[in-house]
>>> print(open('model-v3.cif').read())   # mmCIF, C-alpha atoms
data_data
loop_
_atom_site.label_atom_id
_atom_site.label_comp_id
_atom_site.auth_asym_id
_atom_site.auth_seq_id
_atom_site.Cartn_x
_atom_site.Cartn_y
_atom_site.Cartn_z
CA MET U 1 -74.79 8.41 2.40
CA LEU U 2 -74.31 7.85 -1.32
CA PHE U 3 -71.13 5.85 -0.62
CA PHE U 4 -72.87 3.45 1.76
CA PHE U 5 -75.76 3.11 -0.68
CA PHE U 6 -73.33 2.23 -3.48
CA LEU U 7 -71.45 -0.22 -1.23
CA ASN U 8 -74.66 -2.00 -0.23
CA LEU U 9 -75.62 -2.24 -3.87
CA VAL U 10 -72.28 -3.44 -5.31
CA CYS U 11 -71.00 -5.85 -2.63
CA PRO U 12 -73.85 -8.35 -2.98
CA LEU U 13 -73.24 -8.31 -6.72
CA PHE U 14 -69.58 -9.33 -6.26
CA ILE U 15 -70.55 -11.98 -3.76
CA GLN U 16 -73.09 -13.34 -6.20
CA ILE U 17 -70.56 -13.45 -9.05
CA TYR U 18 -68.01 -15.26 -6.84
CA THR U 19 -70.66 -17.72 -5.70
CA MET U 20 -71.70 -18.31 -9.29
CA GLY U 21 -68.05 -18.94 -10.19
CA ASN U 22 -67.84 -21.63 -7.56
CA MET U 23 -71.23 -22.94 -8.57
CA PHE U 24 -70.20 -23.22 -12.24
CA CYS U 25 -66.77 -24.60 -11.16
CA CYS U 26 -64.66 -21.90 -12.89
CA ILE U 27 -61.18 -21.03 -11.59
CA GLN U 28 -58.54 -18.56 -12.69
CA VAL U 29 -54.80 -19.29 -12.92
CA ASP U 30 -52.52 -16.22 -12.82
CA GLN U 31 -49.66 -15.41 -15.18
CA SER U 32 -46.30 -17.21 -14.50
CA THR U 33 -48.22 -19.76 -12.44
CA VAL U 34 -49.49 -23.28 -13.04
CA ALA U 35 -52.23 -25.11 -11.16
CA PHE U 36 -52.82 -28.82 -10.61
CA LYS U 37 -56.25 -30.37 -11.15
CA GLU U 38 -56.90 -33.68 -9.46
CA ARG U 39 -59.75 -36.13 -9.65
CA PHE U 40 -60.38 -38.20 -6.56
CA GLY U 41 -56.84 -37.40 -5.33
CA LYS U 42 -55.04 -38.28 -8.58
CA LEU U 43 -53.38 -35.74 -10.89
CA ASP U 44 -55.57 -35.16 -13.89
CA GLU U 45 -54.14 -32.07 -15.62
CA VAL U 46 -51.66 -29.23 -15.23
CA LEU U 47 -53.53 -25.97 -15.81
CA GLU U 48 -51.83 -23.09 -17.64
CA PRO U 49 -52.60 -19.40 -16.92
CA GLY U 50 -56.18 -18.46 -17.75
CA CYS U 51 -59.73 -19.55 -16.86
CA HIS U 52 -60.48 -23.25 -16.42
CA PHE U 53 -63.46 -25.47 -15.69
CA VAL U 54 -63.07 -27.72 -12.66
CA PRO U 55 -66.36 -29.56 -12.02
CA TRP U 56 -66.17 -30.40 -8.35
CA ILE U 57 -69.44 -32.30 -8.57
CA LEU U 58 -67.61 -34.90 -10.74
CA GLY U 59 -64.80 -35.38 -8.21
CA TYR U 60 -62.40 -32.76 -9.57
CA GLN U 61 -60.55 -30.36 -7.30
CA LEU U 62 -57.71 -27.86 -7.38
CA ALA U 63 -54.69 -29.33 -5.54
CA GLY U 64 -52.68 -26.12 -5.52
CA ASN U 65 -50.59 -23.61 -7.47
CA LEU U 66 -46.89 -23.38 -8.32
CA SER U 67 -45.11 -20.15 -9.24
CA LEU U 68 -42.62 -20.20 -12.12
CA ARG U 69 -41.08 -16.86 -11.15
CA LEU U 70 -37.52 -16.43 -9.95
CA GLN U 71 -37.38 -16.71 -6.17
CA GLN U 72 -34.69 -15.80 -3.65
CA LEU U 73 -33.79 -17.48 -0.39
CA ASP U 74 -31.39 -15.90 2.13
CA VAL U 75 -29.45 -18.33 4.29
CA LYS U 76 -27.24 -17.46 7.28
CA CYS U 77 -25.13 -20.10 8.96
CA GLU U 78 -22.22 -20.22 11.39
CA SER U 79 -19.11 -22.20 10.52
CA LYS U 80 -15.50 -22.64 11.62
CA THR U 81 -12.57 -22.07 9.29
CA LYS U 82 -9.49 -24.25 8.92
CA ASP U 83 -7.58 -21.96 11.31
CA ASN U 84 -10.37 -22.28 13.94
CA VAL U 85 -12.12 -18.91 13.47
CA LEU U 86 -15.90 -18.75 13.79
CA VAL U 87 -17.61 -16.85 10.97
CA ASN U 88 -21.21 -16.20 9.97
CA VAL U 89 -21.74 -16.67 6.24
CA VAL U 90 -24.76 -15.05 4.60
CA ALA U 91 -25.71 -16.57 1.23
CA SER U 92 -28.46 -15.66 -1.21
CA VAL U 93 -29.79 -18.45 -3.46
CA GLN U 94 -31.83 -17.61 -6.56
CA PHE U 95 -33.96 -20.50 -7.85
CA ARG U 96 -37.11 -21.27 -9.83
CA ALA U 97 -39.25 -24.24 -10.81
CA LEU U 98 -38.51 -25.79 -14.20
CA ALA U 99 -41.43 -25.43 -16.63
CA ASP U 100 -40.97 -28.98 -17.95
CA LYS U 101 -40.76 -30.50 -14.46
CA VAL U 102 -43.58 -28.74 -12.61
CA VAL U 103 -45.13 -32.06 -11.50
CA ASP U 104 -41.90 -33.08 -9.73
CA ALA U 105 -41.51 -29.60 -8.25
CA PHE U 106 -45.04 -29.66 -6.80
CA TYR U 107 -45.41 -33.26 -5.66
CA ARG U 108 -41.91 -34.41 -4.70
CA LEU U 109 -41.09 -31.63 -2.21
CA SER U 110 -43.47 -30.43 0.46
CA ASN U 111 -41.28 -27.43 1.43
CA PRO U 112 -38.62 -26.63 -1.20
CA ARG U 113 -37.34 -23.51 0.56
CA SER U 114 -36.59 -25.45 3.73
CA GLN U 115 -34.91 -28.22 1.75
CA ILE U 116 -32.68 -25.76 -0.15
CA GLN U 117 -31.73 -24.05 3.11
CA VAL U 118 -30.60 -27.38 4.60
CA TYR U 119 -28.41 -28.18 1.58
CA VAL U 120 -26.88 -24.69 1.48
CA THR U 121 -26.02 -24.77 5.18
CA ASP U 122 -24.40 -28.20 4.87
CA VAL U 123 -22.30 -27.22 1.82
CA ILE U 124 -21.17 -23.89 3.32
CA ARG U 125 -19.99 -25.51 6.54
CA ALA U 126 -18.09 -28.20 4.65
CA SER U 127 -16.47 -25.63 2.33
CA VAL U 128 -15.50 -23.11 5.01
CA ALA U 129 -13.88 -25.84 7.12
CA LYS U 130 -11.36 -26.42 4.31
CA LEU U 131 -10.28 -22.76 4.01
CA ASN U 132 -8.31 -20.31 6.12
CA LEU U 133 -9.98 -17.06 7.10
CA ASP U 134 -8.20 -15.02 4.41
CA ASP U 135 -9.30 -17.49 1.73
CA VAL U 136 -12.90 -17.46 2.95
CA PHE U 137 -13.16 -13.76 2.11
CA GLU U 138 -12.57 -14.53 -1.57
CA ARG U 139 -16.07 -16.14 -1.53
CA LYS U 140 -15.80 -17.59 -5.05
CA ASN U 141 -14.93 -21.12 -3.93
CA ILE U 142 -17.86 -21.25 -1.51
CA ALA U 143 -20.43 -19.98 -4.03
CA LYS U 144 -19.20 -22.43 -6.67
CA ALA U 145 -19.40 -25.36 -4.24
CA VAL U 146 -22.99 -24.46 -3.32
CA ASP U 147 -23.97 -24.13 -6.99
CA ASP U 148 -22.44 -27.47 -7.94
CA GLU U 149 -24.10 -29.31 -5.06
CA LEU U 150 -27.54 -27.76 -5.48
CA LEU U 151 -27.61 -28.18 -9.25
CA GLN U 152 -27.21 -31.93 -8.91
CA VAL U 153 -29.68 -32.35 -6.08
CA MET U 154 -32.47 -29.88 -6.88
CA SER U 155 -32.71 -30.61 -10.61
CA ALA U 156 -34.06 -34.05 -9.70
CA TYR U 157 -36.89 -32.33 -7.81
CA GLY U 158 -37.79 -29.98 -10.68
CA TYR U 159 -35.93 -26.86 -9.51
CA GLU U 160 -33.21 -24.85 -11.22
CA ILE U 161 -30.54 -23.07 -9.18
CA VAL U 162 -29.86 -19.88 -11.14
CA GLN U 163 -27.12 -18.40 -8.97
CA THR U 164 -25.69 -18.44 -5.47
CA LEU U 165 -24.23 -15.25 -4.03
CA ILE U 166 -22.17 -14.97 -0.86
CA VAL U 167 -23.57 -11.70 0.43
CA ASP U 168 -21.52 -11.26 3.59
CA ILE U 169 -18.90 -12.94 5.76
CA ILE U 170 -18.95 -11.80 9.38
CA PRO U 171 -16.15 -13.02 11.68
CA ASP U 172 -16.28 -12.81 15.44
CA GLU U 173 -16.03 -9.25 16.79
CA HIS U 174 -12.71 -9.91 18.56
CA VAL U 175 -11.28 -11.46 15.40
CA LYS U 176 -12.48 -8.52 13.32
CA ARG U 177 -10.79 -6.06 15.69
CA ALA U 178 -7.53 -8.04 15.63
CA MET U 179 -7.62 -8.21 11.81
CA ASN U 180 -8.08 -4.45 11.58
CA GLU U 181 -5.11 -3.90 13.89
CA ILE U 182 -2.94 -6.27 11.84
CA TYR U 183 -3.81 -4.60 8.54
CA ALA U 184 -3.33 -1.13 10.06
CA ALA U 185 0.15 -2.10 11.30
CA LYS U 186 0.98 -3.61 7.90
CA TRP U 187 -0.10 -0.50 6.01
CA LYS U 188 1.81 1.72 8.44
CA ALA U 189 4.99 -0.33 7.99
CA GLU U 190 4.64 -0.18 4.21
CA ALA U 191 4.10 3.58 4.36
CA GLU U 192 7.20 4.05 6.52
CA ALA U 193 9.26 1.86 4.19
CA GLU U 194 8.10 3.86 1.18
CA SER U 195 8.86 7.11 2.99
CA LYS U 196 12.39 5.96 3.86
CA PHE U 197 12.96 4.76 0.30
CA LEU U 198 11.94 8.13 -1.12
CA SER U 199 14.03 9.93 1.49
CA GLY U 200 17.08 7.82 0.62
CA LEU U 201 16.48 8.39 -3.08
CA GLY U 202 16.31 12.13 -2.49
CA THR U 203 19.52 12.06 -0.45
CA ALA U 204 21.30 10.10 -3.16
CA ILE U 205 20.21 12.61 -5.82
CA GLN U 206 21.27 15.49 -3.59
CA ARG U 207 24.72 13.98 -3.04
CA ARG U 208 25.12 13.35 -6.76
CA VAL U 209 24.29 16.98 -7.51
CA ILE U 210 26.76 18.16 -4.86
CA ALA U 211 29.46 15.88 -6.27
CA ASP U 212 28.80 17.21 -9.79
CA GLY U 213 29.04 20.74 -8.42
CA PHE U 214 32.39 19.96 -6.79
CA ILE U 215 33.72 18.52 -10.04
CA ASN U 216 32.66 21.58 -11.99
CA SER U 217 34.16 23.86 -9.33
CA VAL U 218 37.48 21.98 -9.44
CA LEU U 219 37.62 22.14 -13.23
CA GLY U 220 36.76 25.83 -13.30
CA PHE U 221 39.28 26.70 -10.57
CA SER U 222 42.05 24.75 -12.32
CA GLU U 223 41.44 26.64 -15.56
CA THR U 224 41.41 30.00 -13.75
CA PHE U 225 44.49 29.33 -11.58
CA PRO U 226 46.91 27.06 -13.44
CA GLY U 227 49.27 25.03 -11.30
CA THR U 228 46.84 24.36 -8.47
CA THR U 229 46.44 20.76 -7.39
CA GLY U 230 43.30 18.87 -6.53
CA LYS U 231 44.33 18.87 -2.86
CA ASP U 232 44.48 22.65 -2.78
CA ILE U 233 41.05 22.96 -4.32
CA MET U 234 39.60 20.37 -1.93
CA ASP U 235 41.02 22.20 1.08
CA MET U 236 39.43 25.40 -0.14
CA VAL U 237 36.05 23.70 -0.63
CA LEU U 238 36.23 22.11 2.80
CA THR U 239 37.09 25.47 4.36
CA ASP U 240 34.06 27.05 2.69
CA GLN U 241 31.79 24.24 3.84
CA TYR U 242 33.22 24.39 7.35
CA LEU U 243 32.54 28.13 7.65
CA ASP U 244 28.99 27.71 6.30
CA THR U 245 28.31 25.00 8.86
CA MET U 246 29.58 27.19 11.71
CA LYS U 247 27.37 30.01 10.47
CA GLU U 248 24.25 27.81 10.40
CA ILE U 249 24.91 26.47 13.92
CA ALA U 250 25.31 30.00 15.27
CA ALA U 251 22.14 31.22 13.53
CA ALA U 252 19.94 28.37 14.75
CA SER U 253 17.89 29.50 17.77
CA LYS U 254 17.15 26.03 19.14
CA SER U 255 20.47 24.32 18.57
CA SER U 256 22.20 22.59 21.44
CA VAL U 257 25.67 23.54 22.64
CA ILE U 258 28.25 21.79 20.47
CA PHE U 259 32.02 21.83 21.10
CA ILE U 260 33.99 21.57 17.89
CA PRO U 261 37.50 22.65 16.89
CA HIS U 262 37.47 26.22 15.57
CA GLY U 263 41.10 27.00 14.91
CA PRO U 264 42.64 27.26 11.41
CA GLY U 265 44.05 23.73 11.75
CA ALA U 266 40.57 22.31 12.25
CA VAL U 267 39.84 22.46 8.54
CA HIS U 268 43.04 20.55 7.82
CA ASP U 269 42.03 17.87 10.38
CA VAL U 270 38.54 17.56 8.85
CA GLY U 271 40.01 17.24 5.38
CA GLY U 272 42.39 14.56 6.58
CA GLN U 273 39.58 12.60 8.16
CA ILE U 274 37.55 12.75 4.95
CA ARG U 275 40.48 11.55 2.87
CA VAL U 276 41.09 8.68 5.29
CA GLY U 277 37.42 7.76 5.03
CA PHE U 278 37.63 7.68 1.24
CA LEU U 279 40.74 5.50 1.36
CA ARG U 280 39.14 3.02 3.76
CA ALA U 281 36.03 2.83 1.59
CA SER U 282 38.14 2.15 -1.49
CA THR U 283 40.14 -0.52 0.36
CA SER U 284 36.99 -2.29 1.60
CA GLN U 285 35.58 -2.35 -1.93
#
>>> encode(input="model-v3.cif", output="structure tokens")
Amino acid sequence: MLFFFFLNLVCPLFIQIYTMGNMFCCIQVDQSTVAFKERFGKLDEVLEPGCHFVPWILGYQLAGNLSLRLQQLDVKCESKTKDNVLVNVVASVQFRALADKVVDAFYRLSNPRSQIQVYVTDVIRASVAKLNLDDVFERKNIAKAVDDELLQVMSAYGYEIVQTLIVDIIPDEHVKRAMNEIYAAKWKAEAEAESKFLSGLGTAIQRRVIADGFINSVLGFSETFPGTTGKDIMDMVLTDQYLDTMKEIAAASKSSVIFIPHGPGAVHDVGGQIRVGFLRASTSQ
């Protein structure tokens, strides 16, 4: 009950104050905003933030307000790239009215947001048509083209283009899927190439270590048993390797059946084949 009593008491007071404001022709202009006072349809004064006297009985009226704050306009347009791919480009334009050109900004454009959107769409379509799809994703060229075009056009109408951002580039769904497959195949091929390179590098290091071990074994054996030749030592090493290989094949549980020579002369044949291989390699070099 007290609330309704207070409401009935206060509301008429506010209505009376508002009516008195209109009666005494007082208006308020908010911060970061300017207003335009006209007399008989002609601009009389630009009103700064604060309280102002606009005597309507003398032909004065408030034509409207203009915000000086930074505004943002999101634009989405469809375009075709140089390689005939349809993409949707989403741009965000940040702009504001120039404080020293508020008259042009208010009177020369009836709908600045719509006008900016038209210019942005036109520039984006012209820019994207000159680029391939991969170049479009860099975005910098498109944003710069929009900034350059809008700065020249909108400054004449009292607006400043602060920045243009290319928020997103959305290709057709089929194109996006094909691009993902291409990049996946590319990364897979690069991974396999890197794996083979590392495997080959490891094999080369392993063979170098084995060769160094053979050299040390030959030198040590020659010092221990004077008079032995390199051929004798090599035959002994080959025999040892041959027996180790036979042992590993026999111990493997999942190895296939392999027919290889197993007599004492087999080692001599293997050694001969290795020496022939070395000779052919030296001759080819």
>>> resolve_selection(input="model-v3.cif", expression="the PyMOL selection byres ((chain U and resi 51-58) around 8)", output="number ranges by chain")
U: 24-29, 37, 47, 49-50, 59-62
>>> write_last_selection(input="model-v3.cif", atoms="C-alpha atoms", output="short mmCIF file (atom, residue, chain, number, x, y, z; two decimals), keeping the file's coordinate frame")
data_model
loop_
_atom_site.label_atom_id
_atom_site.label_comp_id
_atom_site.auth_asym_id
_atom_site.auth_seq_id
_atom_site.Cartn_x
_atom_site.Cartn_y
_atom_site.Cartn_z
CA PHE U 24 -70.20 -23.22 -12.24
CA CYS U 25 -66.77 -24.60 -11.16
CA CYS U 26 -64.66 -21.90 -12.89
CA ILE U 27 -61.18 -21.03 -11.59
CA GLN U 28 -58.54 -18.56 -12.69
CA VAL U 29 -54.80 -19.29 -12.92
CA LYS U 37 -56.25 -30.37 -11.15
CA LEU U 47 -53.53 -25.97 -15.81
CA PRO U 49 -52.60 -19.40 -16.92
CA GLY U 50 -56.18 -18.46 -17.75
CA GLY U 59 -64.80 -35.38 -8.21
CA TYR U 60 -62.40 -32.76 -9.57
CA GLN U 61 -60.55 -30.36 -7.30
CA LEU U 62 -57.71 -27.86 -7.38
#
>>> atom_distance(input="model-v3.cif", atom1="CA of Ala126 (chain U)", atom2="CA of Val153 (chain U)")
16.3 Å
>>> resolve_selection(input="model-v3.cif", expression="the PyMOL selection byres ((chain U and resi 116) around 12)", output="ChimeraX atom specification")
/U:71-75,91-96,109-115,117-123,146-147,149-151,153-155,157,159-161,164
>>> atom_distance(input="model-v3.cif", atom1="CA of Ala99 (chain U)", atom2="CA of Ala156 (chain U)")
13.3 Å
>>> atom_distance(input="model-v3.cif", atom1="CA of Leu66 (chain U)", atom2="CA of Asp148 (chain U)")
24.8 Å
>>> axis_aligned_box(input="model-v3.cif", around="region 48-60 of chain U", padding_each_side="5 Å", output="lines of an AutoDock Vina configuration file")
center_x = -60.6
center_y = -26.9
center_z = -13.0
size_x = 27.6
size_y = 26.9
size_z = 19.5
>>> closest_residue(input="model-v3.cif", among="U:Ile166, U:Leu43, U:Ala63, U:Val209", to="Val89 (chain U)", atoms="only C-alpha atoms")
U:Ile166
>>> closest_residue(input="model-v3.cif", among="U:Gly202, U:Ile142, U:Gly158, U:Asp83", to="Phe106 (chain U)", atoms="all atoms listed in the file")
U:Gly158
>>> residues_around(input="model-v3.cif", residues="Ile170 (chain U)", least_positions_apart="3", cutoff="9 Å", atoms="all atoms listed in the file", output="list of chain:residue names")
U:Leu86, U:Val87, U:Asn88, U:Val89, U:Val90, U:Glu173, U:Lys176
>>> decode(input="model-v3.cif", residues="region 36-48 of chain U", atoms="all heavy atoms", output="compact mmCIF listing (two decimals), in the first residue's frame")
# COMPACT_ATOMS: atom_id res chain seq x y z
N PHE U 36 21.77 19.02 -33.09
CA PHE U 36 21.69 20.04 -34.14
C PHE U 36 20.39 20.83 -33.96
O PHE U 36 19.29 20.28 -34.06
CB PHE U 36 21.75 19.38 -35.52
CG PHE U 36 23.02 18.60 -35.74
CD1 PHE U 36 23.09 17.26 -35.40
CD2 PHE U 36 24.14 19.22 -36.25
CE1 PHE U 36 24.25 16.55 -35.59
CE2 PHE U 36 25.31 18.50 -36.45
CZ PHE U 36 25.37 17.17 -36.11
N LYS U 37 20.56 22.13 -33.71
CA LYS U 37 19.41 23.03 -33.52
C LYS U 37 19.15 23.78 -34.82
O LYS U 37 20.05 24.38 -35.40
CB LYS U 37 19.70 24.01 -32.38
CG LYS U 37 18.52 24.91 -32.07
CD LYS U 37 18.78 25.77 -30.84
CE LYS U 37 19.80 26.86 -31.13
NZ LYS U 37 19.94 27.81 -30.02
N GLU U 38 17.93 23.70 -35.26
CA GLU U 38 17.51 24.35 -36.50
C GLU U 38 16.45 25.42 -36.19
O GLU U 38 15.71 25.33 -35.20
CB GLU U 38 16.94 23.34 -37.48
CG GLU U 38 17.93 22.31 -37.98
CD GLU U 38 17.30 21.31 -38.94
OE1 GLU U 38 16.05 21.30 -39.03
OE2 GLU U 38 18.05 20.56 -39.58
N ARG U 39 16.42 26.38 -37.08
CA ARG U 39 15.35 27.39 -37.00
C ARG U 39 14.68 27.48 -38.36
O ARG U 39 15.32 27.82 -39.36
CB ARG U 39 15.91 28.75 -36.59
CG ARG U 39 14.81 29.78 -36.38
CD ARG U 39 15.37 31.12 -35.97
NE ARG U 39 14.27 32.05 -35.64
CZ ARG U 39 14.42 33.33 -35.37
NH1 ARG U 39 15.65 33.88 -35.42
NH2 ARG U 39 13.38 34.09 -35.08
N PHE U 40 13.41 27.13 -38.35
CA PHE U 40 12.62 27.09 -39.59
C PHE U 40 13.30 26.22 -40.65
O PHE U 40 13.35 26.57 -41.83
CB PHE U 40 12.38 28.50 -40.13
CG PHE U 40 11.62 29.38 -39.19
CD1 PHE U 40 12.21 30.52 -38.68
CD2 PHE U 40 10.33 29.06 -38.81
CE1 PHE U 40 11.50 31.36 -37.82
CE2 PHE U 40 9.62 29.89 -37.94
CZ PHE U 40 10.20 31.04 -37.43
N GLY U 41 13.86 25.06 -40.21
CA GLY U 41 14.45 24.10 -41.12
C GLY U 41 15.89 24.35 -41.51
O GLY U 41 16.46 23.58 -42.29
N LYS U 42 16.50 25.41 -41.00
CA LYS U 42 17.89 25.73 -41.33
C LYS U 42 18.76 25.56 -40.10
O LYS U 42 18.37 25.92 -38.99
CB LYS U 42 17.99 27.17 -41.85
CG LYS U 42 19.40 27.56 -42.28
CD LYS U 42 19.43 28.99 -42.79
CE LYS U 42 20.84 29.40 -43.20
NZ LYS U 42 20.89 30.81 -43.68
N LEU U 43 19.97 24.98 -40.30
CA LEU U 43 20.88 24.76 -39.18
C LEU U 43 21.24 26.08 -38.53
O LEU U 43 21.68 27.03 -39.19
CB LEU U 43 22.16 24.06 -39.68
CG LEU U 43 23.23 23.83 -38.61
CD1 LEU U 43 22.74 22.85 -37.54
CD2 LEU U 43 24.51 23.30 -39.26
N ASP U 44 21.04 26.11 -37.21
CA ASP U 44 21.36 27.33 -36.47
C ASP U 44 22.60 27.15 -35.59
O ASP U 44 23.43 28.05 -35.51
CB ASP U 44 20.17 27.72 -35.58
CG ASP U 44 20.45 28.97 -34.78
OD1 ASP U 44 20.44 30.06 -35.38
OD2 ASP U 44 20.68 28.84 -33.56
N GLU U 45 22.74 25.96 -34.95
CA GLU U 45 23.84 25.77 -34.02
C GLU U 45 24.04 24.27 -33.76
O GLU U 45 23.06 23.50 -33.76
CB GLU U 45 23.55 26.49 -32.70
CG GLU U 45 24.69 26.42 -31.68
CD GLU U 45 24.31 27.10 -30.37
OE1 GLU U 45 23.17 27.60 -30.26
OE2 GLU U 45 25.16 27.09 -29.46
N VAL U 46 25.30 23.91 -33.55
CA VAL U 46 25.63 22.56 -33.12
C VAL U 46 25.78 22.58 -31.61
O VAL U 46 26.61 23.32 -31.06
CB VAL U 46 26.93 22.05 -33.77
CG1 VAL U 46 27.28 20.67 -33.25
CG2 VAL U 46 26.79 22.04 -35.28
N LEU U 47 24.99 21.80 -30.91
CA LEU U 47 24.94 21.82 -29.45
C LEU U 47 25.88 20.78 -28.86
O LEU U 47 25.80 19.60 -29.23
CB LEU U 47 23.50 21.57 -28.96
CG LEU U 47 22.42 22.51 -29.54
CD1 LEU U 47 21.06 22.14 -28.99
CD2 LEU U 47 22.76 23.96 -29.23
N GLU U 48 26.75 21.22 -27.95
CA GLU U 48 27.66 20.33 -27.25
C GLU U 48 26.94 19.65 -26.08
O GLU U 48 25.82 20.05 -25.71
CB GLU U 48 28.87 21.12 -26.74
CG GLU U 48 29.68 21.80 -27.84
CD GLU U 48 30.42 20.80 -28.71
OE1 GLU U 48 30.71 19.70 -28.23
OE2 GLU U 48 30.71 21.14 -29.89
